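Peer 1: This structure is in structure tokens; I'll ask about it shortly.
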Amino acid sequence: MITPVLPTYARAPLSFEKGEGPWLMTEDGTRYLDMGAGIAVSLLGHAHPRLVAALEEQGRRLWHTSNLYEIPNQKRLAEMLVENTFADSVFFTNSGTEATEAAVKMARKYHAVKGTGRDEIITFSGSFHGRTLGMISAAGSEKLTNGFGPLLPGFVHLPFGDHDALNAAISERTAAILIEPVQGEGGIVPVPDPCLKGLRDLCDEHGILLIYDEIQCGMGRTGKLFAHEWSGAAPDIMAVAKGIGGGFPLGACLATEEAASGMTAGTHGTTYGGNPLACAVGCAVMEVVTEDGFLDRVSAISGRLRQGLEGLVASHPDVFELVRGSGLMLGLKCRVPNMDVVNAGYDAGVLVIPGGDNVIRILPPLNLTDAEVDEALRRLDAAAGAVAKGAAA
């Protein structure tokens with residue numbers, strides 16, 4: 001018999017009653033160290049006092065008006081994003097997949113208005129841009145698309161990191177290149193900085209728009225506000241979500257004035273996107289992340305975590321192969337099935353996220369303390385030991 005909740009998730013037999021910082025507590029008081037942060041969403045941990053205060057204050061005043069009217073906190077959040085990024089304008093959404101949909105629509109509209117005839121979007125293997133029909137068509141993997149056809153046309157799928165294939169694929173119909181600076185679902189796979197610079201040059205040479213999907217890798221997770229900043233190669237359009245709402249559903253599509261030039265009144269919309277509640281929380285998140293020293297602290301704590309994870313790989317060579325990633329977006333590539341490590345983590349009281357390429361993702365809140373890093377490493381060590389012992393039995 002089908003469950004009342006559509007069974008599209010193979011859920012762990014866990015439920016939580018309360019969250020505090022990086023900790024989640026079950027009804028019986030068992031504490032789990034959340035090193036996945038709800039798939040990189042709970043950027044500042046659970047029940048952060050400033051986010052709770054922002055939500056409570058807004059909740060008492062006004063929940064919803066629609067985008068038929070001005071939303072003061074939406075304007076304020078857009079101004080903060082514009083002030084701190086390459087972008088000149090922002091469209092707010094409910095989710096990351098809506099943000100990437102907006103990005104693709106914006107790129108095609110740009111070329112339609114310019115009359116270039118360009119409408120194809122180049123994407124890469126291992127990518128993940130959301131679960132709508134459009135965005136599974138963009139990613140194109142069998143895992144995402146099987147049984148959901150016919151898919152939307154207009155996406156050209158290329159092998160990740162194949163420069164020759166990329167150069168050969170660019171045609172007079174190419175409108176944009178869509179890429180994650182660090183693939184998340186694909187298994188924490190960073191795009192080298194010279195490659196992002198090369199993409200920027202290629203787009204400029206051919207009149208193509210460059211779209212970054214920073215839904216998982218953005219909002220300070222790599223130690224910069226956005227991951228592409230390490231390369232110095234700015235996009236024309238960027239999709240953001242997950243951490244920007246700190247746990248409240250919120251996404252955004254950021255763009256230069258030129259890239260957004262086709263998006264005039266009536267061309268796109270959303271009922272809930274950027275509503276007063278979401279933007280009140282989003283403003284509080286941005287205030288914290290852009291405070292002096294916050295991102296420096298992310299870089300410092302990520303160095304401690306990475307060093308510890310390298311030690312875990314050395315201590316458990318039969319379980320782990322390597323560490324990769326950037327900042328607090330790290331992946332442990334496993335020699336055993338990655339779900340064995342995830343499940344052992346439940347027993348050890350630490351939550352990690354499975355990813356592609358047999359990786360477990362380490363995506364903790366950005367305000368993790370030194371002591372919490374050490375505790376996470378201790379619990380991951382226990383989980384790895386249990387996996388190794390089970391494999392040897």
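All residue names refer to the structure tokens as shown: chains lettered A, B, ... in order, residues numbered from 1 in each chain, ligands numbered from 1 in order.
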Residues within 8 Å of Lys109 (chain A), please, as a list in words. Count only C-alpha atoms; anything in the same chain fewer than 3 positions from it doesn't count.

Peer 2: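 My reading of the contact set: Lys105, Met106, Ala112, Val113, Gly262 and Met263 of chain A.
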
Peer 1: Taking all heavy atoms for each residue, export the selection above as a PDB file, in the first residue's frame.

Peer 2:
```
ATOM      1  N   LYS A 105      15.461  30.887 -18.989  1.00  0.00           N
ATOM      2  CA  LYS A 105      14.501  31.735 -19.711  1.00  0.00           C
ATOM      3  C   LYS A 105      15.107  33.097 -20.026  1.00  0.00           C
ATOM      4  O   LYS A 105      14.916  33.643 -21.116  1.00  0.00           O
ATOM      5  CB  LYS A 105      13.220  31.902 -18.879  1.00  0.00           C
ATOM      6  CG  LYS A 105      12.351  30.647 -18.827  1.00  0.00           C
ATOM      7  CD  LYS A 105      11.109  30.872 -17.977  1.00  0.00           C
ATOM      8  CE  LYS A 105      10.118  31.844 -18.619  1.00  0.00           C
ATOM      9  NZ  LYS A 105       8.874  31.946 -17.826  1.00  0.00           N
ATOM     10  N   MET A 106      15.853  33.645 -19.055  1.00  0.00           N
ATOM     11  CA  MET A 106      16.462  34.962 -19.261  1.00  0.00           C
ATOM     12  C   MET A 106      17.465  34.926 -20.410  1.00  0.00           C
ATOM     13  O   MET A 106      17.501  35.843 -21.245  1.00  0.00           O
ATOM     14  CB  MET A 106      17.156  35.398 -17.967  1.00  0.00           C
ATOM     15  CG  MET A 106      17.778  36.793 -18.032  1.00  0.00           C
ATOM     16  SD  MET A 106      18.606  37.237 -16.489  1.00  0.00           S
ATOM     17  CE  MET A 106      17.205  37.478 -15.390  1.00  0.00           C
ATOM     18  N   ALA A 112      16.510  36.245 -27.977  1.00  0.00           N
ATOM     19  CA  ALA A 112      15.316  36.473 -28.797  1.00  0.00           C
ATOM     20  C   ALA A 112      15.129  37.953 -29.083  1.00  0.00           C
ATOM     21  O   ALA A 112      14.842  38.364 -30.219  1.00  0.00           O
ATOM     22  CB  ALA A 112      14.085  35.905 -28.084  1.00  0.00           C
ATOM     23  N   VAL A 113      15.319  38.758 -28.035  1.00  0.00           N
ATOM     24  CA  VAL A 113      15.160  40.215 -28.211  1.00  0.00           C
ATOM     25  C   VAL A 113      16.252  40.767 -29.119  1.00  0.00           C
ATOM     26  O   VAL A 113      16.006  41.674 -29.941  1.00  0.00           O
ATOM     27  CB  VAL A 113      15.177  40.908 -26.828  1.00  0.00           C
ATOM     28  CG1 VAL A 113      15.273  42.424 -26.977  1.00  0.00           C
ATOM     29  CG2 VAL A 113      13.939  40.522 -26.028  1.00  0.00           C
ATOM     30  N   GLY A 262      16.066  41.612 -21.587  1.00  0.00           N
ATOM     31  CA  GLY A 262      14.830  41.138 -22.211  1.00  0.00           C
ATOM     32  C   GLY A 262      13.699  40.896 -21.241  1.00  0.00           C
ATOM     33  O   GLY A 262      12.555  40.660 -21.653  1.00  0.00           O
ATOM     34  N   MET A 263      13.994  40.935 -19.932  1.00  0.00           N
ATOM     35  CA  MET A 263      13.004  40.561 -18.921  1.00  0.00           C
ATOM     36  C   MET A 263      12.198  41.789 -18.495  1.00  0.00           C
ATOM     37  O   MET A 263      12.347  42.324 -17.399  1.00  0.00           O
ATOM     38  CB  MET A 263      13.695  39.905 -17.729  1.00  0.00           C
ATOM     39  CG  MET A 263      14.535  38.682 -18.108  1.00  0.00           C
ATOM     40  SD  MET A 263      13.585  37.366 -18.925  1.00  0.00           S
ATOM     41  CE  MET A 263      12.779  36.603 -17.520  1.00  0.00           C
TER      42      MET A 263
END
```

Peer 1: Would you kindly return, as a ChimeraX atom specification, each protein, DNA or RNA residue with an atom no farther than 8 Å from any atom of Arg324 (chain A), considering only C-alpha atoms and excluding same-chain residues fewer than 5 positions away?

Peer 2: /A:188-189,330-333

Peer 1: With distances taken over only C-alpha atoms, which of A:Ile136, A:Ile208, A:Leu377, A:Leu144 is nearest to Arg306 (chain A)?

Peer 2: A:Leu377

Peer 1: For CA of Asp201 (chain A) and CA of Ile244 (chain A), determine how far apart the two atoms are, in Å to one decimal place.

Peer 2: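 About the pair CA of Asp201 (chain A) and CA of Ile244 (chain A): they are 28.7 Å apart.
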
Peer 1: I'd like the contact shell of region 8-22 of chain A - 10 Å cut-off, only C-alpha atoms, skipping same-chain residues fewer than 6 positions apart - returned as a list of chain:residue names.

Peer 2: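 Once the nearby chain positions are removed, what remains is A:Asp28, A:Gly29, A:Thr30, A:Arg31, A:Tyr32, A:Leu33, A:Asp34, A:Met35, A:Gly36, A:Ala37, A:Ser42, A:Leu43, A:Leu44, A:Gly45, A:His46, A:Ala47, A:His48, A:Pro49, A:Val342, A:Asn343, A:Tyr346, A:Pro364, A:Pro365, A:Leu366, A:Asn367, A:Leu368, A:Thr369, A:Glu372.
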
Peer 1: Please determine, counting only C-alpha atoms, which residue among A:Glu321, A:Arg108, A:Ala87, A:Phe124 has the shortest atom-to-atom distance to Thr256 (chain A).

Peer 2: A:Ala87

Peer 1: For each of A:Leu202, A:Glu98, A:Tyr212, A:Met25, take the minimum atom-to-atom distance to Ile237 (chain A), counting only C-alpha atoms, then give the residue where this is smallest.

Peer 2: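 Closest residue, counting only C-alpha atoms: A:Tyr212.
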